[in-house]
Amino acid sequence: MSNIIQQMDPRPNPQVVTNDYDLVDPNGNVILPLLWDAVVQDGMIITLRPKQPVVVPPVEVQQLQADVQQLQPQVQALQQLRPQVQALQQLQPQVQVLQQGMERMERRVRNVNQKRISILRWFTT
């Protein structure tokens with residue numbers, strides 16, 4: 001996007017160089033870079049403006065801090081589980097081999113049972 005903007009306005013613009021700008025549609029909505037191709041249409045008027053700082057009200061900041069403190073024990077518990085999760089992930093290939101072996105054995109047992117049924121039918125007829 002920076003290349004297109006620089007082609008349209010070759011004057012040096014530090015905000016364009018540092019990608020410190022927002023693209024805004026005619027309704028004043030910021031167009032996210034990932035949605036540029038989907039949102040912008042031929043002939044649409046797009047405005048380039050410096051990025052607006054995000055202002056979070058102090059009450060929300062306090063609530064967020066309280067939420068973080070409340071979640072901290074859970075985060076620590078999850079971090080302590082990380083080695084066990086990694087060990088289980090390492091066992092996954094072995095579990096798959098065992099599952100495949102069990103499936104083969106189940107097929108063999110079904111085959112044997114079908115043969116037994118066939119033999120029993122033959123004797124009873």
# chains A, B, ... in the order shown; residues from 1 in each chain; ligands from 1

call {"tool": "select_by_dssp", "arguments": {"residues": "stretch 3-124 of chain A", "states": "alpha helix (DSSP H)", "output": "PyMOL selection string"}}
result
chain A and resi 3-8+14-17+36-39+58-124

call {"tool": "write_last_selection", "arguments": {"atoms": "C-alpha atoms", "output": "short mmCIF file (atom, residue, chain, number, x, y, z; two decimals), in the first residue's frame"}}
result
data_model
loop_
_atom_site.label_atom_id
_atom_site.label_comp_id
_atom_site.auth_asym_id
_atom_site.auth_seq_id
_atom_site.Cartn_x
_atom_site.Cartn_y
_atom_site.Cartn_z
CA ASN A 3 4.15 2.01 -2.74
CA ILE A 4 0.79 3.02 -4.22
CA ILE A 5 0.53 6.05 -1.94
CA GLN A 6 4.09 7.13 -2.78
CA GLN A 7 3.31 6.82 -6.51
CA MET A 8 0.24 9.03 -6.07
CA PRO A 14 7.34 9.99 7.11
CA GLN A 15 4.00 8.47 8.13
CA VAL A 16 3.79 6.57 4.86
CA VAL A 17 7.39 5.40 5.14
CA TRP A 36 -8.07 -3.49 1.59
CA ASP A 37 -8.74 -5.66 -1.47
CA ALA A 38 -12.23 -6.59 -0.28
CA VAL A 39 -13.38 -3.12 0.79
CA PRO A 58 -8.83 4.82 33.46
CA VAL A 59 -11.76 2.75 34.71
CA GLU A 60 -11.21 0.22 31.92
CA VAL A 61 -7.48 0.14 32.63
CA GLN A 62 -8.18 -0.64 36.28
CA GLN A 63 -10.64 -3.37 35.30
CA LEU A 64 -8.14 -4.86 32.88
CA GLN A 65 -5.45 -4.85 35.56
CA ALA A 66 -7.83 -6.57 37.99
CA ASP A 67 -8.68 -9.16 35.32
CA VAL A 68 -4.99 -9.82 34.68
CA GLN A 69 -4.33 -10.28 38.39
CA GLN A 70 -7.29 -12.64 38.67
CA LEU A 71 -6.09 -14.72 35.72
CA GLN A 72 -2.46 -14.81 36.85
CA PRO A 73 -2.78 -18.02 38.95
CA GLN A 74 -4.42 -19.80 36.02
CA VAL A 75 -1.66 -18.65 33.67
CA GLN A 76 0.98 -19.90 36.12
CA ALA A 77 -0.82 -23.26 36.41
CA LEU A 78 -0.89 -23.58 32.63
CA GLN A 79 2.80 -22.72 32.41
CA GLN A 80 3.55 -25.47 34.92
CA LEU A 81 1.62 -27.93 32.72
CA ARG A 82 3.68 -27.06 29.64
CA PRO A 83 6.29 -29.85 30.21
CA GLN A 84 3.55 -32.46 30.57
CA VAL A 85 1.84 -31.22 27.41
CA GLN A 86 5.14 -31.41 25.52
CA ALA A 87 5.71 -34.95 26.82
CA LEU A 88 2.22 -35.95 25.65
CA GLN A 89 2.87 -34.42 22.26
CA GLN A 90 6.03 -36.50 21.95
CA LEU A 91 3.98 -39.63 22.72
CA GLN A 92 1.43 -38.87 20.01
CA PRO A 93 3.22 -40.88 17.25
CA GLN A 94 3.43 -43.91 19.54
CA VAL A 95 -0.26 -43.59 20.41
CA GLN A 96 -1.11 -43.53 16.70
CA VAL A 97 0.93 -46.70 16.11
CA LEU A 98 -0.89 -48.41 19.00
CA GLN A 99 -4.27 -47.30 17.65
CA GLN A 100 -3.43 -48.70 14.23
CA GLY A 101 -2.34 -51.96 15.84
CA MET A 102 -5.59 -52.17 17.79
CA GLU A 103 -7.59 -51.56 14.62
CA ARG A 104 -5.72 -54.41 12.87
CA MET A 105 -6.36 -56.70 15.82
CA GLU A 106 -10.06 -55.79 15.84
CA ARG A 107 -10.30 -56.64 12.12
CA ARG A 108 -8.59 -59.98 12.76
CA VAL A 109 -10.96 -60.78 15.63
CA ARG A 110 -13.96 -59.95 13.41
CA ASN A 111 -12.60 -62.20 10.67
CA VAL A 112 -12.04 -65.04 13.13
CA ASN A 113 -15.53 -64.60 14.56
CA GLN A 114 -17.03 -64.64 11.06
CA LYS A 115 -15.17 -67.86 10.30
CA ARG A 116 -16.41 -69.41 13.57
CA ILE A 117 -19.98 -68.47 12.70
CA SER A 118 -19.54 -69.98 9.24
CA ILE A 119 -18.18 -73.22 10.71
CA LEU A 120 -20.98 -73.40 13.28
CA ARG A 121 -23.58 -72.90 10.54
CA TRP A 122 -21.97 -75.60 8.48
CA PHE A 123 -22.13 -78.07 11.40
CA THR A 124 -25.71 -77.19 12.26
#

call {"tool": "atom_distance", "arguments": {"atom1": "atom CA of A:Asp42", "atom2": "atom CA of A:Asn19"}}
result
22.8 Å

call {"tool": "residues_around", "arguments": {"residues": "A:Pro26", "least_positions_apart": "4", "cutoff": "8 Å", "atoms": "only C-alpha atoms", "output": "MDAnalysis selection string"}}
result
chainID A and resid 44:47

call {"tool": "atom_distance", "arguments": {"atom1": "atom CA of A:Val24", "atom2": "atom CA of A:Val56"}}
result
21.4 Å

call {"tool": "atom_distance", "arguments": {"atom1": "atom CA of A:Gln52", "atom2": "atom CA of A:Asp20"}}
result
9.3 Å

call {"tool": "decode", "arguments": {"residues": "stretch 6-115 of chain A", "atoms": "C-alpha atoms", "output": "PDB file, in the first residue's frame"}}
result
ATOM      1  CA  GLN A   6       4.089   7.134  -2.775  1.00  0.00           C
ATOM      2  CA  GLN A   7       3.306   6.823  -6.507  1.00  0.00           C
ATOM      3  CA  MET A   8       0.245   9.025  -6.065  1.00  0.00           C
ATOM      4  CA  ASP A   9       2.081  11.615  -3.939  1.00  0.00           C
ATOM      5  CA  PRO A  10       5.865  11.463  -4.441  1.00  0.00           C
ATOM      6  CA  ARG A  11       6.580  14.032  -1.709  1.00  0.00           C
ATOM      7  CA  PRO A  12       8.347  12.450   1.274  1.00  0.00           C
ATOM      8  CA  ASN A  13       5.854  11.555   3.974  1.00  0.00           C
ATOM      9  CA  PRO A  14       7.344   9.987   7.112  1.00  0.00           C
ATOM     10  CA  GLN A  15       3.997   8.471   8.130  1.00  0.00           C
ATOM     11  CA  VAL A  16       3.789   6.571   4.858  1.00  0.00           C
ATOM     12  CA  VAL A  17       7.390   5.398   5.138  1.00  0.00           C
ATOM     13  CA  THR A  18       6.814   4.086   8.685  1.00  0.00           C
ATOM     14  CA  ASN A  19       3.288   2.766   7.924  1.00  0.00           C
ATOM     15  CA  ASP A  20       1.987   5.017  10.687  1.00  0.00           C
ATOM     16  CA  TYR A  21      -1.273   5.926   8.972  1.00  0.00           C
ATOM     17  CA  ASP A  22      -4.842   4.731   8.622  1.00  0.00           C
ATOM     18  CA  LEU A  23      -6.845   4.480   5.428  1.00  0.00           C
ATOM     19  CA  VAL A  24     -10.380   5.724   5.991  1.00  0.00           C
ATOM     20  CA  ASP A  25     -13.467   5.075   3.856  1.00  0.00           C
ATOM     21  CA  PRO A  26     -16.046   7.787   3.047  1.00  0.00           C
ATOM     22  CA  ASN A  27     -18.026   6.906   6.205  1.00  0.00           C
ATOM     23  CA  GLY A  28     -15.007   7.478   8.451  1.00  0.00           C
ATOM     24  CA  ASN A  29     -14.330   3.799   9.064  1.00  0.00           C
ATOM     25  CA  VAL A  30     -10.708   2.689   9.223  1.00  0.00           C
ATOM     26  CA  ILE A  31      -9.953   0.091   6.542  1.00  0.00           C
ATOM     27  CA  LEU A  32      -7.746  -2.650   7.915  1.00  0.00           C
ATOM     28  CA  PRO A  33      -4.823  -3.559   5.637  1.00  0.00           C
ATOM     29  CA  LEU A  34      -6.023  -7.178   5.436  1.00  0.00           C
ATOM     30  CA  LEU A  35      -9.390  -6.015   4.101  1.00  0.00           C
ATOM     31  CA  TRP A  36      -8.068  -3.489   1.590  1.00  0.00           C
ATOM     32  CA  ASP A  37      -8.739  -5.656  -1.469  1.00  0.00           C
ATOM     33  CA  ALA A  38     -12.229  -6.590  -0.284  1.00  0.00           C
ATOM     34  CA  VAL A  39     -13.379  -3.119   0.793  1.00  0.00           C
ATOM     35  CA  VAL A  40     -11.887  -0.641  -1.669  1.00  0.00           C
ATOM     36  CA  GLN A  41     -13.703  -0.293  -4.983  1.00  0.00           C
ATOM     37  CA  ASP A  42     -12.867   1.617  -8.143  1.00  0.00           C
ATOM     38  CA  GLY A  43     -13.673   5.303  -7.786  1.00  0.00           C
ATOM     39  CA  MET A  44     -13.994   5.121  -4.001  1.00  0.00           C
ATOM     40  CA  ILE A  45     -12.591   8.127  -2.154  1.00  0.00           C
ATOM     41  CA  ILE A  46     -10.105   7.024   0.473  1.00  0.00           C
ATOM     42  CA  THR A  47      -8.560   9.347   3.033  1.00  0.00           C
ATOM     43  CA  LEU A  48      -5.072   8.927   4.465  1.00  0.00           C
ATOM     44  CA  ARG A  49      -4.773  10.126   8.050  1.00  0.00           C
ATOM     45  CA  PRO A  50      -2.219   9.727  10.821  1.00  0.00           C
ATOM     46  CA  LYS A  51      -2.969   6.830  13.139  1.00  0.00           C
ATOM     47  CA  GLN A  52      -5.053   7.905  16.081  1.00  0.00           C
ATOM     48  CA  PRO A  53      -3.707   7.004  19.511  1.00  0.00           C
ATOM     49  CA  VAL A  54      -5.850   4.524  21.398  1.00  0.00           C
ATOM     50  CA  VAL A  55      -7.218   6.118  24.531  1.00  0.00           C
ATOM     51  CA  VAL A  56      -8.432   3.728  27.198  1.00  0.00           C
ATOM     52  CA  PRO A  57     -10.462   5.242  30.033  1.00  0.00           C
ATOM     53  CA  PRO A  58      -8.827   4.824  33.462  1.00  0.00           C
ATOM     54  CA  VAL A  59     -11.762   2.747  34.714  1.00  0.00           C
ATOM     55  CA  GLU A  60     -11.212   0.223  31.919  1.00  0.00           C
ATOM     56  CA  VAL A  61      -7.485   0.143  32.630  1.00  0.00           C
ATOM     57  CA  GLN A  62      -8.180  -0.643  36.281  1.00  0.00           C
ATOM     58  CA  GLN A  63     -10.641  -3.373  35.303  1.00  0.00           C
ATOM     59  CA  LEU A  64      -8.142  -4.862  32.880  1.00  0.00           C
ATOM     60  CA  GLN A  65      -5.449  -4.852  35.557  1.00  0.00           C
ATOM     61  CA  ALA A  66      -7.830  -6.572  37.985  1.00  0.00           C
ATOM     62  CA  ASP A  67      -8.679  -9.164  35.318  1.00  0.00           C
ATOM     63  CA  VAL A  68      -4.995  -9.823  34.678  1.00  0.00           C
ATOM     64  CA  GLN A  69      -4.335 -10.280  38.388  1.00  0.00           C
ATOM     65  CA  GLN A  70      -7.290 -12.639  38.672  1.00  0.00           C
ATOM     66  CA  LEU A  71      -6.087 -14.722  35.721  1.00  0.00           C
ATOM     67  CA  GLN A  72      -2.456 -14.810  36.852  1.00  0.00           C
ATOM     68  CA  PRO A  73      -2.785 -18.018  38.953  1.00  0.00           C
ATOM     69  CA  GLN A  74      -4.421 -19.804  36.015  1.00  0.00           C
ATOM     70  CA  VAL A  75      -1.658 -18.646  33.675  1.00  0.00           C
ATOM     71  CA  GLN A  76       0.980 -19.903  36.115  1.00  0.00           C
ATOM     72  CA  ALA A  77      -0.820 -23.258  36.406  1.00  0.00           C
ATOM     73  CA  LEU A  78      -0.886 -23.584  32.625  1.00  0.00           C
ATOM     74  CA  GLN A  79       2.797 -22.721  32.411  1.00  0.00           C
ATOM     75  CA  GLN A  80       3.547 -25.472  34.922  1.00  0.00           C
ATOM     76  CA  LEU A  81       1.622 -27.927  32.716  1.00  0.00           C
ATOM     77  CA  ARG A  82       3.684 -27.061  29.641  1.00  0.00           C
ATOM     78  CA  PRO A  83       6.295 -29.846  30.212  1.00  0.00           C
ATOM     79  CA  GLN A  84       3.548 -32.461  30.567  1.00  0.00           C
ATOM     80  CA  VAL A  85       1.844 -31.217  27.409  1.00  0.00           C
ATOM     81  CA  GLN A  86       5.142 -31.408  25.517  1.00  0.00           C
ATOM     82  CA  ALA A  87       5.711 -34.954  26.816  1.00  0.00           C
ATOM     83  CA  LEU A  88       2.221 -35.953  25.653  1.00  0.00           C
ATOM     84  CA  GLN A  89       2.868 -34.418  22.256  1.00  0.00           C
ATOM     85  CA  GLN A  90       6.029 -36.502  21.945  1.00  0.00           C
ATOM     86  CA  LEU A  91       3.985 -39.631  22.724  1.00  0.00           C
ATOM     87  CA  GLN A  92       1.429 -38.871  20.005  1.00  0.00           C
ATOM     88  CA  PRO A  93       3.218 -40.881  17.250  1.00  0.00           C
ATOM     89  CA  GLN A  94       3.426 -43.909  19.542  1.00  0.00           C
ATOM     90  CA  VAL A  95      -0.259 -43.587  20.405  1.00  0.00           C
ATOM     91  CA  GLN A  96      -1.108 -43.532  16.705  1.00  0.00           C
ATOM     92  CA  VAL A  97       0.929 -46.700  16.108  1.00  0.00           C
ATOM     93  CA  LEU A  98      -0.893 -48.406  18.995  1.00  0.00           C
ATOM     94  CA  GLN A  99      -4.270 -47.299  17.652  1.00  0.00           C
ATOM     95  CA  GLN A 100      -3.428 -48.695  14.226  1.00  0.00           C
ATOM     96  CA  GLY A 101      -2.336 -51.961  15.838  1.00  0.00           C
ATOM     97  CA  MET A 102      -5.585 -52.166  17.790  1.00  0.00           C
ATOM     98  CA  GLU A 103      -7.593 -51.560  14.620  1.00  0.00           C
ATOM     99  CA  ARG A 104      -5.720 -54.407  12.869  1.00  0.00           C
ATOM    100  CA  MET A 105      -6.364 -56.702  15.819  1.00  0.00           C
ATOM    101  CA  GLU A 106     -10.062 -55.791  15.844  1.00  0.00           C
ATOM    102  CA  ARG A 107     -10.299 -56.636  12.122  1.00  0.00           C
ATOM    103  CA  ARG A 108      -8.588 -59.982  12.756  1.00  0.00           C
ATOM    104  CA  VAL A 109     -10.960 -60.781  15.628  1.00  0.00           C
ATOM    105  CA  ARG A 110     -13.960 -59.952  13.412  1.00  0.00           C
ATOM    106  CA  ASN A 111     -12.596 -62.195  10.674  1.00  0.00           C
ATOM    107  CA  VAL A 112     -12.038 -65.041  13.132  1.00  0.00           C
ATOM    108  CA  ASN A 113     -15.532 -64.602  14.557  1.00  0.00           C
ATOM    109  CA  GLN A 114     -17.027 -64.639  11.058  1.00  0.00           C
ATOM    110  CA  LYS A 115     -15.171 -67.855  10.301  1.00  0.00           C
TER     111      LYS A 115
END
